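File shown: structure.txt (compact mmCIF, C-alpha atoms).
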```txt
# COMPACT_ATOMS: atom_id res chain seq x y z
CA MET A 79 -120.48 35.26 93.69
CA THR A 80 -117.21 37.17 93.59
CA ARG A 81 -115.78 34.57 91.21
CA TRP A 82 -118.69 35.10 88.78
CA ILE A 83 -118.25 38.89 88.90
CA VAL A 84 -114.56 38.52 88.09
CA LEU A 85 -115.34 36.10 85.24
CA VAL A 86 -117.96 38.42 83.72
CA ALA A 87 -115.61 41.38 84.01
CA LEU A 88 -112.87 39.38 82.26
CA CYS A 89 -115.24 38.42 79.41
CA ILE A 90 -116.32 42.04 78.97
CA THR A 91 -112.68 43.13 78.86
CA LEU A 92 -111.84 40.53 76.21
CA LEU A 93 -114.91 41.53 74.18
CA ILE A 94 -113.96 45.20 74.28
CA ALA A 95 -110.37 44.39 73.32
CA SER A 96 -111.44 42.25 70.36
CA THR A 97 -113.94 44.86 69.20
CA ALA A 98 -111.39 47.68 69.50
CA SER A 99 -109.12 45.90 67.04
CA LEU A 100 -111.72 46.49 64.34
CA PHE A 101 -111.51 50.25 64.64
CA TYR A 102 -108.71 52.67 63.93
CA VAL A 103 -107.83 55.02 66.79
CA ALA A 104 -105.06 57.54 66.17
CA GLY A 105 -102.17 57.24 68.58
CA ASN A 106 -103.33 53.96 70.14
CA GLY A 107 -105.27 50.81 69.33
CA ILE A 108 -103.14 50.12 66.24
CA GLU A 109 -99.66 51.16 67.25
CA THR A 110 -97.44 49.37 64.73
CA GLN A 111 -99.69 49.30 61.69
CA ILE A 112 -99.89 51.63 58.70
CA VAL A 113 -103.49 52.28 57.76
CA ALA A 114 -104.74 53.42 54.36
CA ALA A 115 -108.16 55.04 54.09
CA VAL A 116 -109.63 53.91 50.78
CA VAL A 117 -112.72 55.34 49.12
CA ALA A 118 -114.19 52.95 46.56
CA GLU A 119 -117.50 52.23 44.88
CA THR A 120 -119.20 49.24 43.35
CA ARG A 121 -118.77 48.75 39.60
CA ASN A 122 -122.49 48.15 39.06
CA PHE A 123 -123.65 51.53 37.75
CA ASP A 124 -127.25 51.05 38.88
CA GLU A 125 -126.18 50.32 42.46
CA ARG A 126 -123.10 52.52 42.52
CA ARG A 127 -122.49 54.09 45.91
CA PRO A 128 -119.17 55.18 47.45
CA PHE A 129 -117.98 53.84 50.77
CA LEU A 130 -114.92 54.10 52.99
CA ARG A 131 -112.74 51.24 54.14
CA LEU A 132 -109.65 51.36 56.39
CA VAL A 133 -106.98 48.86 55.40
CA ASP A 134 -104.17 47.64 57.64
CA LEU A 135 -101.19 47.53 55.26
CA ASP A 136 -99.19 45.20 57.51
CA ARG A 137 -101.85 42.49 57.59
CA ARG A 138 -103.64 43.58 54.37
CA VAL A 139 -107.06 43.36 56.00
CA ASP A 140 -109.82 45.81 56.76
CA VAL A 141 -109.69 47.19 60.28
CA MET A 142 -113.38 48.03 60.23
CA VAL A 143 -116.55 47.18 58.40
CA PRO A 144 -116.68 49.42 55.27
CA ARG A 145 -118.83 52.48 55.94
CA PRO A 146 -121.13 53.83 53.20
CA LEU A 147 -120.87 57.50 52.27
CA PRO A 148 -123.94 59.60 51.32
CA GLU A 149 -125.72 58.22 48.26
CA VAL A 150 -125.62 61.61 46.54
CA THR A 151 -121.82 61.91 46.83
CA SER A 152 -120.43 63.46 43.64
CA GLN A 153 -116.76 63.69 44.56
CA VAL A 154 -114.35 63.24 47.47
CA ALA A 155 -111.00 64.82 48.29
CA TRP A 156 -108.49 64.35 51.07
CA TYR A 157 -107.18 67.40 52.89
CA ASP A 158 -104.73 66.73 55.66
CA ASP A 159 -106.30 63.70 57.38
CA GLN A 160 -109.93 64.63 56.83
CA LEU A 161 -112.17 63.63 53.96
CA LEU A 162 -114.25 66.24 52.19
CA ILE A 163 -117.44 64.87 50.69
CA PHE A 164 -119.20 66.83 47.97
CA THR A 165 -122.84 65.99 47.39
CA ALA A 166 -125.14 67.00 44.55
CA GLN A 167 -128.83 66.23 44.22
CA GLN A 168 -131.40 67.25 41.62
CA VAL A 169 -135.05 67.40 42.65
CA GLY A 170 -137.24 68.85 39.94
CA GLN A 171 -135.68 72.15 38.90
CA ASP A 172 -133.82 72.59 42.18
CA SER A 173 -130.17 71.63 42.60
CA THR A 174 -128.80 71.05 46.09
CA HIS A 175 -125.05 71.14 46.69
CA GLY A 176 -123.60 70.06 50.00
CA LEU A 177 -120.17 70.17 51.60
CA HIS A 178 -119.47 67.64 54.35
CA LEU A 179 -116.35 67.04 56.44
CA PHE A 180 -115.72 63.44 57.50
CA ASP A 181 -113.26 62.44 60.22
CA PRO A 182 -112.21 58.82 59.51
CA LYS A 183 -110.73 58.40 63.00
CA ALA A 184 -113.94 59.27 64.82
CA PHE A 185 -116.29 58.16 61.99
CA LYS A 186 -118.23 61.42 62.26
CA THR A 187 -119.63 63.49 59.40
CA ARG A 188 -120.24 67.23 59.73
CA LEU A 189 -122.33 69.29 57.33
CA ILE A 190 -120.40 72.48 56.58
CA TYR A 191 -122.56 74.18 53.98
CA GLU A 192 -125.57 73.48 51.80
CA SER A 193 -127.02 75.58 49.00
CA ARG A 194 -130.00 75.31 46.70
CA THR A 195 -130.31 76.91 43.29
CA ARG A 196 -132.28 76.68 40.03
CA ASP A 197 -129.41 78.10 37.97
CA ALA A 198 -128.23 75.16 35.85
CA SER A 199 -124.95 76.95 35.05
CA ARG A 200 -123.83 76.80 38.68
CA ILE A 201 -121.26 74.11 39.38
CA GLY A 202 -121.21 72.32 42.68
CA PHE A 203 -118.41 71.87 45.15
CA ASN A 204 -115.17 70.36 43.93
CA SER A 205 -111.53 70.14 44.90
CA TYR A 206 -110.75 73.35 43.00
CA ASN A 207 -112.88 75.71 45.07
CA ILE A 208 -112.07 74.32 48.53
CA GLU A 209 -108.87 74.49 50.58
CA ILE A 210 -107.99 73.40 54.12
CA SER A 211 -105.09 75.19 55.77
CA PRO A 212 -101.83 73.21 56.21
CA ASP A 213 -102.32 73.06 59.98
CA GLY A 214 -105.86 71.71 59.51
CA ALA A 215 -107.34 74.58 61.52
CA TRP A 216 -109.24 76.45 58.78
CA LEU A 217 -111.46 75.57 55.84
CA ALA A 218 -111.93 77.99 52.94
CA PHE A 219 -114.47 77.44 50.19
CA ILE A 220 -116.47 79.20 47.49
CA ALA A 221 -120.23 78.83 47.78
CA PRO A 222 -121.51 77.58 44.41
CA SER A 223 -124.78 79.49 44.55
CA THR A 224 -123.44 82.96 45.48
CA ASP A 225 -119.72 82.98 44.51
CA THR A 226 -118.96 84.06 48.06
CA VAL A 227 -115.72 82.99 49.74
CA TYR A 228 -116.12 81.72 53.31
CA VAL A 229 -113.69 80.53 55.95
CA LEU A 230 -114.54 78.29 58.90
CA ASP A 231 -112.57 77.63 62.08
CA LEU A 232 -112.44 73.82 62.28
CA GLN A 233 -110.96 73.76 65.78
CA ARG A 234 -113.91 75.49 67.44
CA ARG A 235 -117.12 73.59 67.89
CA ASN A 236 -120.19 75.30 66.43
CA SER A 237 -118.05 78.03 64.87
CA GLU A 238 -119.79 80.25 62.35
CA LEU A 239 -118.83 80.97 58.75
CA GLN A 240 -116.83 84.14 58.15
CA THR A 241 -117.36 85.99 54.88
CA VAL A 242 -114.14 86.90 53.07
CA THR A 243 -115.35 88.39 49.78
CA THR A 244 -117.79 88.00 46.89
CA LEU A 245 -116.15 87.21 43.58
CA GLU A 246 -116.46 88.83 40.18
CA THR A 247 -115.04 85.96 38.12
CA PRO A 248 -116.09 82.28 38.14
CA VAL A 249 -112.58 80.76 38.25
CA PRO A 250 -110.71 82.15 41.26
CA THR A 251 -108.08 80.26 43.23
CA LEU A 252 -107.62 79.85 46.98
CA ASN A 253 -104.27 79.30 48.70
CA TRP A 254 -103.33 79.12 52.38
CA SER A 255 -100.03 80.37 53.74
CA PRO A 256 -97.73 77.63 55.13
CA ASP A 257 -98.56 78.59 58.73
CA GLY A 258 -102.32 78.60 58.04
CA ARG A 259 -102.71 82.22 59.12
CA ARG A 260 -103.51 83.91 55.80
CA LEU A 261 -105.59 83.04 52.74
CA THR A 262 -105.05 84.39 49.24
CA VAL A 263 -107.91 84.77 46.77
CA THR A 264 -107.06 85.60 43.17
CA ASP A 265 -109.89 87.20 41.25
CA HIS A 266 -109.14 88.37 37.71
CA SER A 267 -106.09 90.64 38.15
CA GLN A 268 -106.80 91.25 41.82
CA LEU A 269 -105.15 89.62 44.82
CA LEU A 270 -106.88 89.50 48.20
CA VAL A 271 -105.04 88.41 51.36
CA TYR A 272 -107.27 87.54 54.30
CA ASP A 273 -105.78 87.37 57.82
CA THR A 274 -107.63 84.92 60.10
CA THR A 275 -106.12 86.43 63.26
CA THR A 276 -107.63 89.87 62.58
CA SER A 277 -110.51 88.91 60.22
CA THR A 278 -109.32 91.63 57.82
CA ALA A 279 -108.42 91.60 54.13
CA GLU A 280 -105.92 93.53 52.02
CA HIS A 281 -106.47 94.11 48.30
CA TYR A 282 -103.69 94.36 45.71
CA GLY A 283 -104.21 95.34 42.09
CA PHE A 284 -101.95 94.61 39.11
CA GLU A 285 -102.04 96.42 35.79
CA VAL A 286 -102.36 94.26 32.70
CA ASP A 287 -102.52 95.19 29.04
CA THR A 288 -105.08 92.63 27.87
CA ALA A 289 -108.59 91.53 28.73
CA ASP A 290 -107.59 87.86 28.51
CA ILE A 291 -106.29 87.29 32.02
CA ASP A 292 -104.79 84.15 33.50
CA SER A 293 -103.83 84.73 37.13
CA ARG A 294 -102.73 82.64 40.09
CA ALA A 295 -100.92 83.13 43.37
CA ALA A 296 -98.65 80.94 45.46
CA TRP A 297 -96.93 81.36 48.81
CA ALA A 298 -93.13 81.54 48.73
CA ASN A 299 -92.99 81.50 52.54
CA THR A 300 -95.25 82.71 55.36
CA THR A 301 -94.91 86.39 54.39
CA HIS A 302 -94.35 86.51 50.61
CA VAL A 303 -96.81 85.76 47.81
CA VAL A 304 -95.86 85.25 44.18
CA MET A 305 -98.60 86.64 41.95
CA ARG A 306 -98.72 85.79 38.26
CA VAL A 307 -100.95 87.62 35.81
CA ASN A 308 -100.54 86.25 32.29
CA PHE A 309 -96.74 86.06 31.89
CA ARG A 310 -95.82 88.79 34.36
CA TRP A 311 -94.83 88.09 37.96
CA TRP A 312 -94.86 90.10 41.15
CA LEU A 313 -93.59 89.36 44.66
CA VAL A 314 -95.83 90.72 47.44
CA ASP A 315 -94.63 91.14 51.02
CA VAL A 316 -97.89 90.92 52.99
CA THR A 317 -96.28 92.34 56.16
CA THR A 318 -95.10 95.58 54.51
CA ASP A 319 -97.42 95.66 51.46
CA GLU A 320 -94.31 96.08 49.30
CA ILE A 321 -94.65 94.85 45.73
CA THR A 322 -91.54 94.12 43.66
CA VAL A 323 -90.85 92.65 40.21
CA PRO A 324 -87.96 90.28 40.99
CA VAL A 325 -87.93 88.39 37.71
CA THR A 326 -88.80 89.04 34.09
CA GLY A 327 -89.26 86.74 31.12
CA THR A 328 -90.19 83.80 33.33
CA SER A 329 -91.84 80.62 32.15
CA ASP A 330 -92.84 78.94 35.40
CA PHE A 331 -91.74 78.77 39.01
CA TYR A 332 -91.36 76.23 41.81
CA LEU A 333 -91.87 77.02 45.48
CA ASN A 334 -91.06 75.17 48.66
CA PRO A 335 -92.33 77.38 51.53
CA ARG A 336 -89.78 75.88 53.93
CA CYS A 337 -86.81 76.98 51.84
CA ASP A 338 -87.10 80.79 51.51
CA ARG A 339 -86.15 80.43 47.86
CA LEU A 340 -88.01 80.91 44.60
CA VAL A 341 -86.83 78.64 41.78
CA TYR A 342 -88.08 79.40 38.30
CA THR A 343 -87.37 78.90 34.61
CA ALA A 344 -86.54 81.79 32.32
CA TYR A 345 -85.34 82.32 28.77
CA ASN A 346 -81.80 83.39 27.99
CA GLY A 347 -82.34 84.27 24.37
CA ALA A 348 -83.99 81.22 22.80
CA ARG A 349 -82.65 78.84 25.45
CA LYS A 350 -84.68 77.93 28.52
CA THR A 351 -82.68 77.99 31.73
CA GLY A 352 -83.17 78.30 35.48
CA ARG A 353 -82.90 80.91 38.21
CA ILE A 354 -82.86 80.87 42.03
CA LEU A 355 -84.09 83.90 43.98
CA ASP A 356 -83.04 84.02 47.64
CA LEU A 357 -85.91 85.74 49.44
CA GLN A 358 -83.74 86.67 52.42
CA SER A 359 -80.83 88.29 50.57
CA ASP A 360 -82.79 89.26 47.43
CA THR A 361 -80.05 87.80 45.21
CA VAL A 362 -80.50 85.82 41.99
CA THR A 363 -78.36 82.86 40.91
CA ARG A 364 -78.26 82.01 37.19
CA LEU A 365 -78.00 78.24 36.81
CA GLU A 366 -76.30 78.50 33.41
CA ASP A 367 -73.36 80.25 35.11
CA LEU A 368 -72.54 77.14 37.15
CA PRO A 369 -69.84 74.72 35.88
CA GLY A 370 -71.34 71.95 33.76
CA MET A 371 -74.65 73.78 33.19
CA GLU A 372 -73.53 76.37 30.63
CA ASN A 373 -75.13 75.05 27.44
CA LEU A 374 -78.05 73.04 28.76
CA ARG A 375 -81.68 73.61 27.80
CA MET A 376 -83.46 73.17 31.14
CA ASP A 377 -87.00 71.93 30.89
CA ASP A 378 -87.84 71.97 34.59
CA VAL A 379 -86.22 73.08 37.85
CA ARG A 380 -87.38 72.46 41.40
CA LEU A 381 -86.11 72.45 44.96
CA SER A 382 -85.43 69.21 46.77
CA ASP A 383 -87.53 68.41 49.80
CA THR A 384 -84.57 69.18 52.08
CA CYS A 385 -83.97 72.60 50.41
CA GLY A 386 -80.27 71.89 49.89
CA HIS A 387 -80.39 70.93 46.21
CA VAL A 388 -82.07 72.02 43.00
CA ILE A 389 -83.23 69.20 40.71
CA VAL A 390 -82.87 70.09 37.03
CA THR A 391 -84.52 68.14 34.20
CA VAL A 392 -83.04 68.39 30.70
CA ASP A 393 -84.95 66.84 27.80
CA GLN A 394 -83.11 64.42 25.55
CA ASP A 395 -83.81 63.67 21.92
CA PRO A 396 -85.74 61.48 21.38
CA LEU A 397 -88.26 61.94 24.13
CA PRO A 398 -89.24 60.74 26.71
CA PHE A 399 -85.61 60.28 27.86
CA ILE A 400 -84.36 63.01 30.21
CA ASP A 401 -81.10 63.97 31.88
CA MET A 402 -81.34 64.74 35.57
CA TYR A 403 -78.93 67.00 37.45
CA SER A 404 -78.62 67.92 41.10
CA ILE A 405 -77.14 71.28 42.12
CA ASP A 406 -75.66 71.65 45.61
CA LEU A 407 -76.72 75.17 46.63
CA GLU A 408 -74.05 75.52 49.31
CA ALA A 409 -71.10 74.26 47.25
CA ARG A 410 -72.56 75.66 43.98
CA GLU A 411 -71.71 72.40 42.23
CA ALA A 412 -73.75 70.46 39.66
CA HIS A 413 -73.87 66.66 39.51
CA LEU A 414 -75.26 64.57 36.67
CA LEU A 415 -77.48 61.99 38.35
CA THR A 416 -78.52 59.96 35.30
CA ARG A 417 -79.00 60.18 31.54
CA THR A 418 -81.65 57.49 31.30
CA ALA A 419 -84.42 58.62 33.60
CA LEU A 420 -87.97 58.24 32.39
CA LEU A 421 -89.74 59.67 35.42
CA THR A 422 -89.00 60.73 38.97
CA VAL A 423 -91.26 58.75 41.27
CA ALA A 424 -90.06 59.57 44.80
CA GLU A 425 -87.48 61.44 46.82
CA THR A 426 -85.78 60.71 50.14
CA ASP A 427 -83.47 62.89 52.22
CA ASP A 428 -80.41 61.88 50.21
CA GLN A 429 -81.54 60.33 46.92
CA LEU A 430 -83.87 60.63 43.97
CA ILE A 431 -85.81 57.53 42.90
CA TYR A 432 -86.66 57.19 39.21
CA LEU A 433 -87.66 54.76 36.47
CA ASP A 434 -84.94 53.88 33.97
CA ALA A 435 -86.06 54.41 30.38
CA ASN A 436 -83.48 52.02 28.90
CA GLU A 437 -84.86 49.00 30.71
CA ARG A 438 -87.53 46.79 29.12
CA GLU A 439 -89.00 46.32 32.57
CA ASN A 440 -89.93 48.96 35.11
CA ILE A 441 -86.68 49.15 37.07
CA LEU A 442 -86.30 51.65 39.89
CA TYR A 443 -82.96 53.32 40.55
CA GLY A 444 -81.78 55.58 43.34
CA ALA A 445 -79.36 58.44 42.59
CA ALA A 446 -77.53 60.24 45.41
CA LEU A 447 -78.33 63.98 45.36
CA ASP A 448 -74.70 64.86 46.12
CA GLY A 449 -73.39 62.74 43.23
CA SER A 450 -71.22 60.69 45.59
CA ARG A 451 -71.98 57.34 43.95
CA GLU A 452 -73.35 55.78 40.81
CA PRO A 453 -77.14 55.22 40.67
CA GLN A 454 -78.10 51.99 42.40
CA ARG A 455 -80.69 49.48 41.26
CA LEU A 456 -83.46 49.33 43.85
CA GLY A 457 -85.72 46.77 42.26
CA ARG A 458 -88.45 46.02 39.77
CA ILE A 459 -92.04 47.25 39.99
CA PRO A 460 -95.23 46.21 38.15
CA MET A 461 -96.68 48.26 35.32
CA PRO A 462 -98.40 51.29 36.90
CA ASP A 463 -101.77 52.58 35.79
CA SER A 464 -100.33 56.02 35.12
CA TYR A 465 -96.85 57.52 34.97
CA ASN A 466 -98.14 60.78 36.42
CA ASP A 467 -98.10 59.45 39.98
CA PRO A 468 -97.19 55.78 39.73
CA ILE A 469 -96.10 54.73 43.22
CA HIS A 470 -96.06 55.85 46.84
CA PHE A 471 -93.44 54.38 49.18
CA ILE A 472 -94.57 53.56 52.72
CA ASP A 473 -91.16 52.22 53.79
CA GLU A 474 -87.87 51.22 52.14
CA GLN A 475 -89.34 48.15 50.41
CA ARG A 476 -93.11 48.49 50.22
CA PHE A 477 -95.14 50.87 48.11
CA LEU A 478 -98.70 51.48 46.95
CA ILE A 479 -99.48 51.37 43.25
CA ARG A 480 -102.44 51.52 40.89
CA LEU A 481 -101.94 48.70 38.45
CA ARG A 482 -102.77 49.15 34.79
CA SER A 483 -103.87 45.53 34.46
CA SER A 484 -106.31 45.66 37.39
CA ASP A 485 -108.56 48.45 36.10
CA ASN A 486 -107.91 51.13 38.69
CA GLN A 487 -107.38 49.12 41.85
CA LEU A 488 -105.04 49.97 44.68
CA SER A 489 -102.42 47.32 45.42
CA LEU A 490 -99.57 46.84 47.83
CA ALA A 491 -96.25 45.73 46.33
CA ARG A 492 -92.63 45.13 47.27
CA LEU A 493 -89.46 45.79 45.35
CA ASP A 494 -88.31 42.79 43.29
CA GLU A 495 -91.57 40.91 43.84
CA ILE A 496 -93.80 40.07 40.90
CA GLN A 497 -96.78 39.36 43.13
CA THR A 498 -98.92 42.27 44.28
CA TYR A 499 -101.55 42.36 46.99
CA PRO A 500 -104.86 44.03 46.02
CA LEU A 501 -106.32 46.23 48.74
CA THR A 502 -109.68 46.62 47.02
CA PRO A 503 -111.86 43.71 45.82
CA ALA A 504 -112.27 43.05 42.10
CA ASP A 505 -115.91 44.22 42.15
CA GLU A 506 -114.91 47.67 43.43
CA ARG A 507 -113.53 50.70 41.60
CA LEU A 508 -110.99 52.84 43.43
CA VAL A 509 -112.01 56.48 43.85
CA ASP A 510 -109.31 57.85 46.15
CA TRP A 511 -107.01 56.85 48.99
CA HIS A 512 -104.96 58.43 51.77
CA LEU A 513 -102.46 57.26 54.39
CA LEU A 514 -103.48 57.94 57.99
CA PRO A 515 -100.81 58.79 60.56
```

Here is the file; what I need is its structure written in the form of structure tokens.
Amino acid sequence: MTRWIVLVALCITLLIASTASLFYVAGNGIETQIVAAVVAETRNFDERRPFLRLVDLDRRVDVMVPRPLPEVTSQVAWYDDQLLIFTAQQVGQDSTHGLHLFDPKAFKTRLIYESRTRDASRIGFNSYNIEISPDGAWLAFIAPSTDTVYVLDLQRRNSELQTVTTLETPVPTLNWSPDGRRLTVTDHSQLLVYDTTTSTAEHYGFEVDTADIDSRAAWANTTHVVMRVNFRWWLVDVTTDEITVPVTGTSDFYLNPRCDRLVYTAYNGARKTGRILDLQSDTVTRLEDLPGMENLRMDDVRLSDTCGHVIVTVDQDPLPFIDMYSIDLEAREAHLLTRTALLTVAETDDQLIYLDANERENILYGAALDGSREPQRLGRIPMPDSYNDPIHFIDEQRFLIRLRSSDNQLSLARLDEIQTYPLTPADERLVDWHLLP
């Protein structure tokens, strides 16, 4: 009898182990595999319905049976590691808009908000009126039926919606601070900063000389907000309520909240150049004053991911060729990385990866940010579906790519390999994808 009990227990253990391999569990279950969460839909329009599949990129197989999403799904968007599902349904004259949060690790869907309206001019939920905080703790969204901004604590079970404000304009923007504590809401020429720790809001107004207003806000770090109204810029310290005008005549700016620097383009006469504002010392560096940068027309400037360099793009004639420079902020030295770049596609801690425009094939090169060596050939890649966001590296050799020839399918590829490995079947159309940790 004991022998039979042991045998049954062993069979149950093996069954559980084999079943567990079909499901993705964060932190265990699949320890050495990289998993991509892929949202796709069938190409047959009459039967079109989105569904989610989890793909093991090491073995290139599904790690679960594809799960269907709600039939009335209108759009999806990844925030952090959770999937937002927007639903829209028309019954008679009534429109129902729903916002759902789906956890792909637990395979659980949570209804966040649902509204009904007969106003045909009301748009539903989309990725423009919803934001999840960087720490994944808070969800902010604009209710489509009332233009009310709500926040929801995602870490507390059964937490209730908190009302932030009701809007006056239909195209506001929401932005979370890097630490997830504060939310900015831009509304016309007004800036609202909501503090989740105190459930209070501060209002800031900015004078403008025209009724045609284009405004947006972005966090420079955890305490400073850059507010743009038309072509004027202000820097707001939300801890002291101090408002300053650090820059004038700006074209656009680039922020990396980890760096405590504001990098932006400005015009020196008719020539476009770059500036760096140090938010700690309140000092401005003019890039055209650095050796080798004096007479350049800078099309774009941005901070490197490691904050130690500024990447400068200079347009060549004819387009689309561009020169790419790297400026060492500590040494105040500029290095020409390449004169033949077509597009920057990735960045590591010490190099910039780009497509070479002089090659007949899509050849990737890596240029050292400190200019210590000549650009190195990394390998050849297939023709991407779009040059806006062509590839995503998952390690030193492998990358994900949407191929132009495969009609919007996600594929896995390796440097210097012609063959690619489709991750979605030919009868499916890729909607979105995301790498799970």

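Atom CA of Ile459 of chain A sits 20.8 Å away from atom CA of Ile112 of chain A.
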
Practice problem: Identify, on the basis of all atoms listed in the file, every residue whose closest approach to segment 211-215 of chain A does not exceed 10 Å; exclude the query and any residue fewer than 3 positions from it along the same chain; express the result as a list of chain:residue names. | Solution: A:Tyr157, A:Asp158, A:Asp159, A:Gln160, A:Ala218, A:Leu230, A:Asp231, A:Leu232, A:Gln233, A:Arg234, A:Asn253, A:Trp254, A:Ser255, A:Pro256, A:Asp257, A:Gly258, A:Arg259, A:Arg260, A:Leu261

Practice problem: In the coordinate frame of the file, compute which residues have an atom within 10 Å of (-121.6, 81.9, 46.3) when using all atoms listed in the file, and state them as an MDAnalysis selection string. | Solution: chainID A and resid 193 200 219:228 243:245 248

Quiz item: Separation of atom CA of Leu447 of chain A and atom CA of His413 of chain A, in Å?
Solution: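 Spanning atom CA of Leu447 of chain A to atom CA of His413 of chain A is a straight-line distance of 7.8 Å.
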
Quiz item: With distances taken over only C-alpha atoms, which of A:Ile163, A:Val141, A:Ala118, A:Ala491 is nearest to Ala504 of chain A?
Solution: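 Result for the nearest residue to Ala504 of chain A: A:Ala118.
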
Quiz item: Any idea what's packed within 10 Å of Leu501 of chain A, counting all atoms listed in the file, ignoring anything in its chain fewer than 6 positions away? Could you give it as a list in words?
Solution: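 Here the qualifying residues turn out to be Ala114, Val116, Arg131, Leu132, Val133, Asp134, Leu135, Arg138, Val139, Asp140, Leu478, Gln487, Leu488, Ser489, Leu490 and Leu508 of chain A.
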